[in-house]
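Enquirer: Quick one, data-v3.cif (mmCIF, C-alpha atoms, pLDDT in the B column; chains and numbers go by the auth columns):
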```cif
data_data
loop_
_atom_site.group_PDB
_atom_site.id
_atom_site.type_symbol
_atom_site.label_atom_id
_atom_site.label_comp_id
_atom_site.label_asym_id
_atom_site.label_seq_id
_atom_site.Cartn_x
_atom_site.Cartn_y
_atom_site.Cartn_z
_atom_site.B_iso_or_equiv
_atom_site.auth_seq_id
_atom_site.auth_asym_id
ATOM 1 C CA MET A 1 10.387 12.256 -31.038 38.00 1 A
ATOM 2 C CA VAL A 2 8.351 11.268 -27.964 44.00 2 A
ATOM 3 C CA LYS A 3 8.244 14.050 -25.407 63.00 3 A
ATOM 4 C CA ARG A 4 9.784 13.375 -21.997 64.00 4 A
ATOM 5 C CA HIS A 5 6.878 14.987 -20.137 60.00 5 A
ATOM 6 C CA LEU A 6 3.105 15.195 -20.286 59.00 6 A
ATOM 7 C CA LYS A 7 0.597 17.482 -18.628 57.00 7 A
ATOM 8 C CA ARG A 8 -0.580 16.292 -15.227 61.00 8 A
ATOM 9 C CA LEU A 9 -4.208 17.065 -16.064 52.00 9 A
ATOM 10 C CA VAL A 10 -4.216 14.475 -18.858 53.00 10 A
ATOM 11 C CA ALA A 11 -2.058 11.847 -17.115 58.00 11 A
ATOM 12 C CA PRO A 12 -3.752 8.434 -16.605 54.00 12 A
ATOM 13 C CA LYS A 13 -6.310 8.368 -13.779 63.00 13 A
ATOM 14 C CA SER A 14 -4.400 5.460 -12.234 63.00 14 A
ATOM 15 C CA TRP A 15 -1.580 7.862 -11.264 59.00 15 A
ATOM 16 C CA LYS A 16 -2.324 9.146 -7.763 66.00 16 A
ATOM 17 C CA ILE A 17 -0.651 12.518 -8.233 57.00 17 A
ATOM 18 C CA LYS A 18 -1.387 16.199 -7.698 62.00 18 A
ATOM 19 C CA ARG A 19 -3.124 17.502 -10.808 59.00 19 A
ATOM 20 C CA LYS A 20 -2.927 21.222 -10.078 58.00 20 A
ATOM 21 C CA GLY A 21 -0.116 23.592 -9.175 52.00 21 A
ATOM 22 C CA ILE A 22 2.522 21.859 -11.315 59.00 22 A
ATOM 23 C CA THR A 23 2.017 21.602 -15.061 57.00 23 A
ATOM 24 C CA PHE A 24 4.115 18.630 -16.172 56.00 24 A
ATOM 25 C CA ILE A 25 5.077 15.149 -15.012 65.00 25 A
ATOM 26 C CA THR A 26 7.528 12.567 -16.368 68.00 26 A
ATOM 27 C CA ARG A 27 6.249 10.467 -19.257 72.00 27 A
ATOM 28 C CA PRO A 28 7.325 6.785 -18.937 72.00 28 A
ATOM 29 C CA LYS A 29 9.138 5.173 -21.826 80.00 29 A
ATOM 30 C CA PRO A 30 6.663 3.165 -23.927 77.00 30 A
ATOM 31 C CA GLY A 31 6.724 -0.563 -24.580 72.00 31 A
ATOM 32 C CA LYS A 32 6.851 -2.595 -21.391 77.00 32 A
ATOM 33 C CA HIS A 33 3.353 -2.010 -19.955 79.00 33 A
ATOM 34 C CA SER A 34 0.086 -0.399 -21.016 78.00 34 A
ATOM 35 C CA LYS A 35 -0.025 3.326 -20.244 75.00 35 A
ATOM 36 C CA LYS A 36 -2.933 3.044 -17.790 77.00 36 A
ATOM 37 C CA ASN A 37 -1.279 0.290 -15.742 84.00 37 A
ATOM 38 C CA SER A 38 2.187 1.805 -15.421 83.00 38 A
ATOM 39 C CA THR A 39 4.175 4.942 -14.701 88.00 39 A
ATOM 40 C CA SER A 40 7.822 6.021 -14.609 89.00 40 A
ATOM 41 C CA ILE A 41 10.230 5.025 -11.844 94.00 41 A
ATOM 42 C CA ASN A 42 10.580 8.776 -11.263 91.00 42 A
ATOM 43 C CA VAL A 43 6.886 9.121 -10.358 89.00 43 A
ATOM 44 C CA ILE A 44 7.079 5.965 -8.220 90.00 44 A
ATOM 45 C CA LEU A 45 9.995 7.210 -6.109 94.00 45 A
ATOM 46 C CA ARG A 46 9.113 10.907 -5.944 88.00 46 A
ATOM 47 C CA ASP A 47 5.309 11.121 -6.019 87.00 47 A
ATOM 48 C CA LEU A 48 4.064 7.753 -4.712 90.00 48 A
ATOM 49 C CA LEU A 49 6.723 6.628 -2.235 93.00 49 A
ATOM 50 C CA ASN A 50 8.043 10.110 -1.369 91.00 50 A
ATOM 51 C CA TYR A 51 11.633 8.825 -1.249 94.00 51 A
ATOM 52 C CA ALA A 52 12.829 11.798 -3.314 92.00 52 A
ATOM 53 C CA LYS A 53 11.839 15.448 -3.508 92.00 53 A
ATOM 54 C CA THR A 54 12.962 16.156 -7.059 92.00 54 A
ATOM 55 C CA THR A 55 13.757 14.384 -10.316 90.00 55 A
ATOM 56 C CA ARG A 56 17.405 15.261 -9.662 94.00 56 A
ATOM 57 C CA ASP A 57 17.245 13.261 -6.410 95.00 57 A
ATOM 58 C CA VAL A 58 15.816 10.288 -8.308 94.00 58 A
ATOM 59 C CA LYS A 59 18.592 10.468 -10.897 94.00 59 A
ATOM 60 C CA MET A 60 21.176 10.390 -8.110 94.00 60 A
ATOM 61 C CA MET A 61 19.529 7.323 -6.561 94.00 61 A
ATOM 62 C CA LEU A 62 19.599 5.553 -9.915 94.00 62 A
ATOM 63 C CA ALA A 63 23.220 6.566 -10.578 93.00 63 A
ATOM 64 C CA ASN A 64 24.230 5.054 -7.221 90.00 64 A
ATOM 65 C CA ASN A 65 22.713 1.660 -8.115 85.00 65 A
ATOM 66 C CA ASN A 66 20.071 2.040 -5.403 85.00 66 A
ATOM 67 C CA ILE A 67 17.080 0.804 -7.420 95.00 67 A
ATOM 68 C CA LEU A 68 16.256 -2.580 -8.945 96.00 68 A
ATOM 69 C CA VAL A 69 13.136 -3.566 -10.887 96.00 69 A
ATOM 70 C CA ASP A 70 12.650 -7.327 -11.231 96.00 70 A
ATOM 71 C CA LYS A 71 16.228 -7.708 -9.913 96.00 71 A
ATOM 72 C CA LYS A 72 17.743 -5.561 -12.675 94.00 72 A
ATOM 73 C CA GLN A 73 19.582 -2.272 -12.055 95.00 73 A
ATOM 74 C CA ILE A 74 17.642 0.712 -13.375 93.00 74 A
ATOM 75 C CA LYS A 75 19.437 3.821 -14.648 94.00 75 A
ATOM 76 C CA ASP A 76 16.754 5.654 -16.634 93.00 76 A
ATOM 77 C CA TYR A 77 14.369 7.854 -14.615 93.00 77 A
ATOM 78 C CA ARG A 78 11.741 7.329 -17.332 90.00 78 A
ATOM 79 C CA PHE A 79 11.853 3.535 -17.029 92.00 79 A
ATOM 80 C CA SER A 80 8.291 2.147 -17.126 91.00 80 A
ATOM 81 C CA VAL A 81 7.129 0.310 -13.992 91.00 81 A
ATOM 82 C CA GLY A 82 3.756 -1.441 -13.972 90.00 82 A
ATOM 83 C CA VAL A 83 1.421 -3.949 -12.384 93.00 83 A
ATOM 84 C CA MET A 84 3.183 -6.971 -10.808 96.00 84 A
ATOM 85 C CA ASP A 85 6.668 -5.438 -11.148 96.00 85 A
ATOM 86 C CA ILE A 86 8.974 -5.843 -8.147 97.00 86 A
ATOM 87 C CA ILE A 87 10.927 -2.814 -6.852 97.00 87 A
ATOM 88 C CA ASP A 88 13.966 -3.373 -4.608 97.00 88 A
ATOM 89 C CA LEU A 89 15.582 -0.629 -2.550 96.00 89 A
ATOM 90 C CA PRO A 90 18.257 -2.841 -0.950 92.00 90 A
ATOM 91 C CA LYS A 91 20.210 -0.059 0.765 91.00 91 A
ATOM 92 C CA ILE A 92 17.237 0.739 2.989 93.00 92 A
ATOM 93 C CA ASN A 93 15.786 -2.816 3.025 95.00 93 A
ATOM 94 C CA LYS A 94 12.494 -1.839 1.408 96.00 94 A
ATOM 95 C CA TYR A 95 10.707 -3.975 -1.180 97.00 95 A
ATOM 96 C CA PHE A 96 7.472 -3.360 -3.094 97.00 96 A
ATOM 97 C CA ARG A 97 5.137 -4.909 -5.633 97.00 97 A
ATOM 98 C CA VAL A 98 3.144 -2.643 -7.957 94.00 98 A
ATOM 99 C CA LEU A 99 -0.615 -3.305 -7.996 94.00 99 A
ATOM 100 C CA LEU A 100 -3.865 -1.468 -8.645 89.00 100 A
ATOM 101 C CA ASN A 101 -6.035 -0.696 -5.632 88.00 101 A
ATOM 102 C CA LYS A 102 -9.845 -0.819 -5.608 87.00 102 A
ATOM 103 C CA LYS A 103 -10.003 2.807 -6.778 86.00 103 A
ATOM 104 C CA GLY A 104 -7.933 1.919 -9.828 84.00 104 A
ATOM 105 C CA ASN A 105 -4.831 3.780 -8.618 86.00 105 A
ATOM 106 C CA LEU A 106 -1.345 2.338 -8.950 88.00 106 A
ATOM 107 C CA SER A 107 -0.217 1.427 -5.450 91.00 107 A
ATOM 108 C CA LEU A 108 2.952 0.067 -3.872 94.00 108 A
ATOM 109 C CA ILE A 109 2.438 -2.980 -1.650 94.00 109 A
ATOM 110 C CA GLU A 110 5.336 -3.515 0.729 97.00 110 A
ATOM 111 C CA ILE A 111 6.560 -7.116 0.710 97.00 111 A
ATOM 112 C CA LYS A 112 9.247 -9.179 2.412 96.00 112 A
ATOM 113 C CA GLU A 113 12.613 -9.697 0.722 96.00 113 A
ATOM 114 C CA ASP A 114 11.915 -13.404 0.116 95.00 114 A
ATOM 115 C CA GLU A 115 8.895 -12.492 -2.005 97.00 115 A
ATOM 116 C CA THR A 116 11.054 -10.447 -4.389 97.00 116 A
ATOM 117 C CA LYS A 117 12.473 -13.704 -5.734 96.00 117 A
ATOM 118 C CA ILE A 118 9.347 -14.423 -7.786 97.00 118 A
ATOM 119 C CA LYS A 119 7.496 -12.445 -10.457 96.00 119 A
ATOM 120 C CA LEU A 120 4.028 -13.368 -11.694 97.00 120 A
ATOM 121 C CA CYS A 121 3.523 -12.956 -15.437 97.00 121 A
ATOM 122 C CA LYS A 122 0.313 -13.538 -17.357 97.00 122 A
ATOM 123 C CA ILE A 123 0.416 -15.253 -20.754 96.00 123 A
ATOM 124 C CA VAL A 124 -1.252 -12.845 -23.193 95.00 124 A
ATOM 125 C CA GLY A 125 -0.343 -14.675 -26.404 94.00 125 A
ATOM 126 C CA LYS A 126 1.665 -17.521 -27.869 90.00 126 A
ATOM 127 C CA SER A 127 2.991 -18.601 -31.246 87.00 127 A
ATOM 128 C CA VAL A 128 4.898 -21.460 -32.869 85.00 128 A
ATOM 129 C CA ILE A 129 8.356 -20.283 -33.928 83.00 129 A
ATOM 130 C CA LYS A 130 9.710 -23.593 -35.242 78.00 130 A
ATOM 131 C CA LYS A 131 9.005 -27.289 -34.956 75.00 131 A
ATOM 132 C CA GLY A 132 8.795 -28.275 -31.305 75.00 132 A
ATOM 133 C CA LYS A 133 9.329 -24.703 -30.077 86.00 133 A
ATOM 134 C CA MET A 134 6.716 -22.268 -28.777 89.00 134 A
ATOM 135 C CA GLN A 135 7.053 -18.600 -27.796 92.00 135 A
ATOM 136 C CA LEU A 136 4.986 -17.313 -24.882 94.00 136 A
ATOM 137 C CA ASN A 137 4.231 -13.578 -24.840 94.00 137 A
ATOM 138 C CA LEU A 138 3.780 -12.219 -21.312 95.00 138 A
ATOM 139 C CA ASN A 139 2.009 -9.143 -19.949 93.00 139 A
ATOM 140 C CA ASP A 140 5.266 -7.260 -19.222 91.00 140 A
ATOM 141 C CA SER A 141 6.538 -7.674 -22.822 88.00 141 A
ATOM 142 C CA ARG A 142 8.705 -10.615 -21.764 90.00 142 A
ATOM 143 C CA ASN A 143 8.982 -13.511 -24.233 91.00 143 A
ATOM 144 C CA ILE A 144 9.859 -17.062 -23.215 91.00 144 A
ATOM 145 C CA ILE A 145 10.717 -19.972 -25.507 90.00 145 A
ATOM 146 C CA ILE A 146 9.426 -23.378 -24.392 88.00 146 A
ATOM 147 C CA ASN A 147 9.601 -26.934 -25.744 84.00 147 A
ATOM 148 C CA LYS A 148 6.210 -28.292 -24.678 76.00 148 A
ATOM 149 C CA ASN A 149 2.803 -26.794 -25.293 76.00 149 A
ATOM 150 C CA ASP A 150 1.242 -27.167 -21.835 85.00 150 A
ATOM 151 C CA TYR A 151 0.502 -23.450 -21.483 92.00 151 A
ATOM 152 C CA LYS A 152 -2.614 -21.521 -22.454 94.00 152 A
ATOM 153 C CA THR A 153 -3.361 -17.828 -22.884 95.00 153 A
ATOM 154 C CA GLY A 154 -4.645 -16.537 -19.545 97.00 154 A
ATOM 155 C CA ASP A 155 -2.428 -18.827 -17.476 97.00 155 A
ATOM 156 C CA THR A 156 0.178 -17.329 -15.143 98.00 156 A
ATOM 157 C CA LEU A 157 3.866 -18.179 -14.978 97.00 157 A
ATOM 158 C CA VAL A 158 5.750 -17.800 -11.717 97.00 158 A
ATOM 159 C CA ILE A 159 9.172 -16.544 -12.837 96.00 159 A
ATOM 160 C CA GLN A 160 12.172 -17.043 -10.581 96.00 160 A
ATOM 161 C CA LEU A 161 14.290 -13.908 -10.217 95.00 161 A
ATOM 162 C CA PRO A 162 16.974 -13.080 -11.184 93.00 162 A
ATOM 163 C CA GLU A 163 17.383 -16.382 -13.083 92.00 163 A
ATOM 164 C CA GLN A 164 14.313 -15.657 -15.274 89.00 164 A
ATOM 165 C CA LYS A 165 13.302 -19.334 -15.157 93.00 165 A
ATOM 166 C CA ILE A 166 9.770 -20.739 -14.922 94.00 166 A
ATOM 167 C CA LYS A 167 9.301 -21.912 -11.354 95.00 167 A
ATOM 168 C CA GLU A 168 5.577 -22.727 -11.413 95.00 168 A
ATOM 169 C CA HIS A 169 2.611 -22.795 -13.779 96.00 169 A
ATOM 170 C CA LEU A 170 -0.756 -21.471 -12.507 97.00 170 A
ATOM 171 C CA LYS A 171 -3.611 -22.489 -14.798 97.00 171 A
ATOM 172 C CA PHE A 172 -6.574 -20.269 -15.585 97.00 172 A
ATOM 173 C CA GLU A 173 -9.379 -22.583 -14.485 96.00 173 A
ATOM 174 C CA GLU A 174 -12.244 -22.911 -12.033 96.00 174 A
ATOM 175 C CA ASN A 175 -11.191 -22.725 -8.358 96.00 175 A
ATOM 176 C CA SER A 176 -8.099 -20.711 -9.255 97.00 176 A
ATOM 177 C CA PHE A 177 -7.465 -17.634 -7.093 98.00 177 A
ATOM 178 C CA ILE A 178 -7.317 -14.452 -9.154 97.00 178 A
ATOM 179 C CA TYR A 179 -6.571 -10.746 -8.863 96.00 179 A
ATOM 180 C CA LEU A 180 -8.523 -8.359 -11.112 96.00 180 A
ATOM 181 C CA SER A 181 -6.521 -5.780 -13.028 91.00 181 A
ATOM 182 C CA GLY A 182 -9.444 -4.025 -14.693 90.00 182 A
ATOM 183 C CA GLY A 183 -13.188 -3.516 -14.817 90.00 183 A
ATOM 184 C CA LYS A 184 -15.639 -2.462 -12.121 91.00 184 A
ATOM 185 C CA HIS A 185 -13.989 -4.761 -9.567 92.00 185 A
ATOM 186 C CA LYS A 186 -10.351 -3.845 -10.317 91.00 186 A
ATOM 187 C CA GLY A 187 -8.024 -4.383 -7.370 92.00 187 A
ATOM 188 C CA GLU A 188 -10.257 -7.097 -5.886 94.00 188 A
ATOM 189 C CA SER A 189 -9.387 -10.774 -5.584 95.00 189 A
ATOM 190 C CA GLY A 190 -11.264 -14.049 -5.226 96.00 190 A
ATOM 191 C CA MET A 191 -11.919 -17.555 -6.518 97.00 191 A
ATOM 192 C CA ILE A 192 -13.173 -18.405 -10.007 97.00 192 A
ATOM 193 C CA GLU A 193 -16.525 -20.175 -9.667 97.00 193 A
ATOM 194 C CA GLU A 194 -17.399 -20.449 -13.338 97.00 194 A
ATOM 195 C CA ILE A 195 -15.899 -19.679 -16.752 97.00 195 A
ATOM 196 C CA LYS A 196 -18.330 -19.072 -19.603 95.00 196 A
ATOM 197 C CA ASP A 197 -17.251 -17.646 -22.939 94.00 197 A
ATOM 198 C CA SER A 198 -15.628 -14.235 -22.307 95.00 198 A
ATOM 199 C CA LYS A 199 -16.955 -13.909 -18.754 97.00 199 A
ATOM 200 C CA ILE A 200 -16.185 -15.430 -15.376 97.00 200 A
ATOM 201 C CA LYS A 201 -18.052 -15.673 -12.091 97.00 201 A
ATOM 202 C CA VAL A 202 -15.904 -14.746 -9.096 97.00 202 A
ATOM 203 C CA LYS A 203 -16.455 -15.331 -5.382 96.00 203 A
ATOM 204 C CA SER A 204 -14.741 -12.618 -3.357 91.00 204 A
ATOM 205 C CA LYS A 205 -13.195 -12.967 0.098 84.00 205 A
ATOM 206 C CA SER A 206 -16.370 -11.506 1.603 85.00 206 A
ATOM 207 C CA GLY A 207 -18.435 -14.267 0.034 88.00 207 A
ATOM 208 C CA GLU A 208 -20.043 -12.018 -2.588 91.00 208 A
ATOM 209 C CA SER A 209 -20.271 -13.416 -6.121 96.00 209 A
ATOM 210 C CA PHE A 210 -20.072 -11.232 -9.226 96.00 210 A
ATOM 211 C CA GLN A 211 -19.385 -11.435 -12.944 96.00 211 A
ATOM 212 C CA THR A 212 -16.543 -9.785 -14.791 97.00 212 A
ATOM 213 C CA LEU A 213 -14.675 -10.171 -18.053 97.00 213 A
ATOM 214 C CA LYS A 214 -12.199 -13.015 -18.399 96.00 214 A
ATOM 215 C CA LYS A 215 -9.503 -10.656 -19.744 95.00 215 A
ATOM 216 C CA PHE A 216 -9.257 -8.828 -16.397 95.00 216 A
ATOM 217 C CA ALA A 217 -8.347 -11.977 -14.432 97.00 217 A
ATOM 218 C CA PHE A 218 -4.751 -12.514 -13.317 97.00 218 A
ATOM 219 C CA VAL A 219 -4.216 -15.917 -11.669 98.00 219 A
ATOM 220 C CA VAL A 220 -2.200 -15.504 -8.454 98.00 220 A
ATOM 221 C CA GLY A 221 -2.687 -18.900 -6.830 97.00 221 A
ATOM 222 C CA LYS A 222 -4.487 -22.245 -6.846 94.00 222 A
ATOM 223 C CA GLU A 223 -6.722 -21.878 -3.799 89.00 223 A
ATOM 224 C CA LYS A 224 -5.157 -18.771 -2.271 93.00 224 A
ATOM 225 C CA SER A 225 -2.749 -16.103 -3.401 96.00 225 A
ATOM 226 C CA ILE A 226 0.958 -16.962 -3.338 97.00 226 A
ATOM 227 C CA ILE A 227 1.843 -13.264 -3.186 97.00 227 A
ATOM 228 C CA THR A 228 0.938 -10.378 -0.879 96.00 228 A
ATOM 229 C CA LEU A 229 -1.982 -8.406 -2.346 95.00 229 A
ATOM 230 C CA SER A 230 -2.569 -5.830 0.402 88.00 230 A
#
```
Could the structure of this file be written out as structure tokens, please?

Expert:
Amino acid sequence: MVKRHLKRLVAPKSWKIKRKGITFITRPKPGKHSKKNSTSINVILRDLLNYAKTTRDVKMMLANNNILVDKKQIKDYRFSVGVMDIIDLPKINKYFRVLLNKKGNLSLIEIKEDETKIKLCKIVGKSVIKKGKMQLNLNDSRNIIINKNDYKTGDTLVIQLPEQKIKEHLKFEENSFIYLSGGKHKGESGMIEEIKDSKIKVKSKSGESFQTLKKFAFVVGKEKSIITLS
């Protein structure tokens, strides 16, 4: 059986938490996101947003239907929340998107309510399930069945919430605007100048150009980001 807690000293470096003084911290349920790019809703509310003092407080908030992730009610304090997830706290009119900052820490970017209606999901794999049907595997463990094969691994789907429908397709190509979710430049954003094999050349907002691995790129717009990144 998977333990409900882990020691703070060995928790992922992306968790901006106190490492000393308290031994344990809540372990998120596995499956939805990679361990390094996610944490539990308990840690989000108590340790990162400081909206609760104790795990008991968090459980009460969840029991009172105060928390939504991607427009779905969350009841489990160990629910895994990761990069690009949308957190709604409607009773206090606060809304956040989970991202990684330039230090590699999970951070909560406050957004307007209108922006909670879309979720960006990266295509990480695809497979034919039957004639004329294709399954797209997305970065948050979501799977979508489509009829036409216009989508490629690395592209981004703009999902309409709560309907869970594809609203827009952002292709991974030159001149696309990307956010980097890993590597030396994690948390940075910019325009793709060149794609070559497993690497890409990126021009940042400051005008600096650098190389990074293709797998770290998350398309967030065509010429500029369609979501708030900072």

Enquirer: Given the file shown, enumerate the residues that the PyMOL selection byres ((chain A and resi 164) around 10) captures and present them as a list in words.

Expert: Asp70, Lys71, Lys117, Ile118, Lys119, Arg142, Ile144, Val158, Ile159, Gln160, Leu161, Pro162, Glu163, Lys165, Ile166 and Lys167 of chain A

Enquirer: Taking into account only C-alpha atoms, which residue in the set A:Lys171, A:Lys94, A:Arg27, A:Lys126 is nearest to Tyr77 of chain A?

Expert: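 Answer, going by the shortest atom-to-atom distance: A:Arg27.
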
Enquirer: Mind telling me what the PyMOL selection byres ((chain A and resi 58) around 10) catches here, as a VMD selection string?

Expert: chain A and resid 41 to 46 51 to 57 59 to 64 66 to 67 75 to 77

Enquirer: Include C-alpha atoms and write out the residues we just selected as an mmCIF file, in the coordinates of the input.

Expert:
```
data_model
loop_
_atom_site.group_PDB
_atom_site.id
_atom_site.type_symbol
_atom_site.label_atom_id
_atom_site.label_comp_id
_atom_site.auth_asym_id
_atom_site.auth_seq_id
_atom_site.Cartn_x
_atom_site.Cartn_y
_atom_site.Cartn_z
ATOM 1 C CA ILE A 41 10.230 5.025 -11.844
ATOM 2 C CA ASN A 42 10.580 8.776 -11.263
ATOM 3 C CA VAL A 43 6.886 9.121 -10.358
ATOM 4 C CA ILE A 44 7.079 5.965 -8.220
ATOM 5 C CA LEU A 45 9.995 7.210 -6.109
ATOM 6 C CA ARG A 46 9.113 10.907 -5.944
ATOM 7 C CA TYR A 51 11.633 8.825 -1.249
ATOM 8 C CA ALA A 52 12.829 11.798 -3.314
ATOM 9 C CA LYS A 53 11.839 15.448 -3.508
ATOM 10 C CA THR A 54 12.962 16.156 -7.059
ATOM 11 C CA THR A 55 13.757 14.384 -10.316
ATOM 12 C CA ARG A 56 17.405 15.261 -9.662
ATOM 13 C CA ASP A 57 17.245 13.261 -6.410
ATOM 14 C CA LYS A 59 18.592 10.468 -10.897
ATOM 15 C CA MET A 60 21.176 10.390 -8.110
ATOM 16 C CA MET A 61 19.529 7.323 -6.561
ATOM 17 C CA LEU A 62 19.599 5.553 -9.915
ATOM 18 C CA ALA A 63 23.220 6.566 -10.578
ATOM 19 C CA ASN A 64 24.230 5.054 -7.221
ATOM 20 C CA ASN A 66 20.071 2.040 -5.403
ATOM 21 C CA ILE A 67 17.080 0.804 -7.420
ATOM 22 C CA LYS A 75 19.437 3.821 -14.648
ATOM 23 C CA ASP A 76 16.754 5.654 -16.634
ATOM 24 C CA TYR A 77 14.369 7.854 -14.615
#
```

Enquirer: Tell me which residues the PyMOL selection byres ((chain A and resi 84-93) around 7) grabs here, as a PyMOL selection string.

Expert: chain A and resi 66-70+81-83+94-99+116+119-120

Enquirer: Would you mind reading off the distance between atom CA of Val124 of chain A and atom CA of Ile111 of chain A, one decimal, in Å?

Expert: 25.8 Å

Enquirer: Given the choices A:Leu100, A:Leu213, A:Thr156, A:Leu180, which gets closest to Gly125 of chain A if the distance is worked out from all atoms listed in the file?

Expert: A:Thr156

Enquirer: Which residue, A:Gly187, A:Phe177, A:Gly182, A:Gln211, has the smallest gap to Glu223 of chain A when you use all atoms listed in the file?

Expert: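 So, comparing all the options, the nearest one is A:Phe177.
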
Enquirer: Point out the residue among A:Lys152, A:Lys203, A:Lys131, A:Lys102 with the least atom-to-atom distance to Lys184 of chain A, counting only C-alpha atoms.

Expert: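 Among the listed residues, the smallest separation from Lys184 of chain A belongs to A:Lys102.
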
Enquirer: Missing atoms in segment 169-187 of chain A should be modelled up to N, CA and C atoms and reported as a PDB file, in the coordinates of the input.

Expert:
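The resulting out-v7.pdb:
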```
ATOM      1  N   HIS A 169       3.627 -23.090 -12.767  1.00 96.00           N
ATOM      2  CA  HIS A 169       2.611 -22.795 -13.779  1.00 96.00           C
ATOM      3  C   HIS A 169       1.243 -22.778 -13.103  1.00 96.00           C
ATOM      4  N   LEU A 170       0.564 -21.605 -13.117  1.00 97.00           N
ATOM      5  CA  LEU A 170      -0.756 -21.471 -12.507  1.00 97.00           C
ATOM      6  C   LEU A 170      -1.795 -21.395 -13.626  1.00 97.00           C
ATOM      7  N   LYS A 171      -2.641 -22.420 -13.713  1.00 97.00           N
ATOM      8  CA  LYS A 171      -3.611 -22.489 -14.798  1.00 97.00           C
ATOM      9  C   LYS A 171      -4.828 -21.598 -14.549  1.00 97.00           C
ATOM     10  N   PHE A 172      -5.330 -21.033 -15.639  1.00 97.00           N
ATOM     11  CA  PHE A 172      -6.574 -20.269 -15.585  1.00 97.00           C
ATOM     12  C   PHE A 172      -7.712 -21.279 -15.683  1.00 97.00           C
ATOM     13  N   GLU A 173      -8.331 -21.578 -14.541  1.00 96.00           N
ATOM     14  CA  GLU A 173      -9.379 -22.583 -14.485  1.00 96.00           C
ATOM     15  C   GLU A 173     -10.251 -22.340 -13.262  1.00 96.00           C
ATOM     16  N   GLU A 174     -11.360 -23.051 -13.182  1.00 96.00           N
ATOM     17  CA  GLU A 174     -12.244 -22.911 -12.033  1.00 96.00           C
ATOM     18  C   GLU A 174     -11.506 -23.286 -10.750  1.00 96.00           C
ATOM     19  N   ASN A 175     -11.816 -22.564  -9.679  1.00 96.00           N
ATOM     20  CA  ASN A 175     -11.191 -22.725  -8.358  1.00 96.00           C
ATOM     21  C   ASN A 175      -9.790 -22.119  -8.265  1.00 96.00           C
ATOM     22  N   SER A 176      -9.357 -21.453  -9.336  1.00 97.00           N
ATOM     23  CA  SER A 176      -8.099 -20.711  -9.255  1.00 97.00           C
ATOM     24  C   SER A 176      -8.357 -19.402  -8.516  1.00 97.00           C
ATOM     25  N   PHE A 177      -7.343 -18.908  -7.808  1.00 98.00           N
ATOM     26  CA  PHE A 177      -7.465 -17.634  -7.093  1.00 98.00           C
ATOM     27  C   PHE A 177      -6.924 -16.543  -8.000  1.00 98.00           C
ATOM     28  N   ILE A 178      -7.704 -15.488  -8.202  1.00 97.00           N
ATOM     29  CA  ILE A 178      -7.317 -14.452  -9.154  1.00 97.00           C
ATOM     30  C   ILE A 178      -7.329 -13.061  -8.517  1.00 97.00           C
ATOM     31  N   TYR A 179      -6.587 -12.182  -9.168  1.00 96.00           N
ATOM     32  CA  TYR A 179      -6.571 -10.746  -8.863  1.00 96.00           C
ATOM     33  C   TYR A 179      -7.088 -10.058 -10.121  1.00 96.00           C
ATOM     34  N   LEU A 180      -7.927  -9.032  -9.965  1.00 96.00           N
ATOM     35  CA  LEU A 180      -8.523  -8.359 -11.112  1.00 96.00           C
ATOM     36  C   LEU A 180      -7.801  -7.055 -11.420  1.00 96.00           C
ATOM     37  N   SER A 181      -7.315  -6.944 -12.629  1.00 91.00           N
ATOM     38  CA  SER A 181      -6.521  -5.780 -13.028  1.00 91.00           C
ATOM     39  C   SER A 181      -7.308  -4.781 -13.864  1.00 91.00           C
ATOM     40  N   GLY A 182      -8.618  -4.951 -13.925  1.00 90.00           N
ATOM     41  CA  GLY A 182      -9.444  -4.025 -14.693  1.00 90.00           C
ATOM     42  C   GLY A 182     -10.918  -4.246 -14.414  1.00 90.00           C
ATOM     43  N   GLY A 183     -11.751  -3.385 -14.988  1.00 90.00           N
ATOM     44  CA  GLY A 183     -13.188  -3.516 -14.817  1.00 90.00           C
ATOM     45  C   GLY A 183     -13.698  -2.871 -13.536  1.00 90.00           C
ATOM     46  N   LYS A 184     -14.977  -3.047 -13.288  1.00 91.00           N
ATOM     47  CA  LYS A 184     -15.639  -2.462 -12.121  1.00 91.00           C
ATOM     48  C   LYS A 184     -15.032  -2.936 -10.808  1.00 91.00           C
ATOM     49  N   HIS A 185     -14.519  -4.162 -10.797  1.00 92.00           N
ATOM     50  CA  HIS A 185     -13.989  -4.761  -9.567  1.00 92.00           C
ATOM     51  C   HIS A 185     -12.458  -4.773  -9.536  1.00 92.00           C
ATOM     52  N   LYS A 186     -11.817  -3.883 -10.278  1.00 91.00           N
ATOM     53  CA  LYS A 186     -10.351  -3.845 -10.317  1.00 91.00           C
ATOM     54  C   LYS A 186      -9.773  -3.713  -8.908  1.00 91.00           C
ATOM     55  N   GLY A 187      -8.660  -4.418  -8.678  1.00 92.00           N
ATOM     56  CA  GLY A 187      -8.024  -4.383  -7.370  1.00 92.00           C
ATOM     57  C   GLY A 187      -8.566  -5.419  -6.398  1.00 92.00           C
TER      58      GLY A 187
END
```
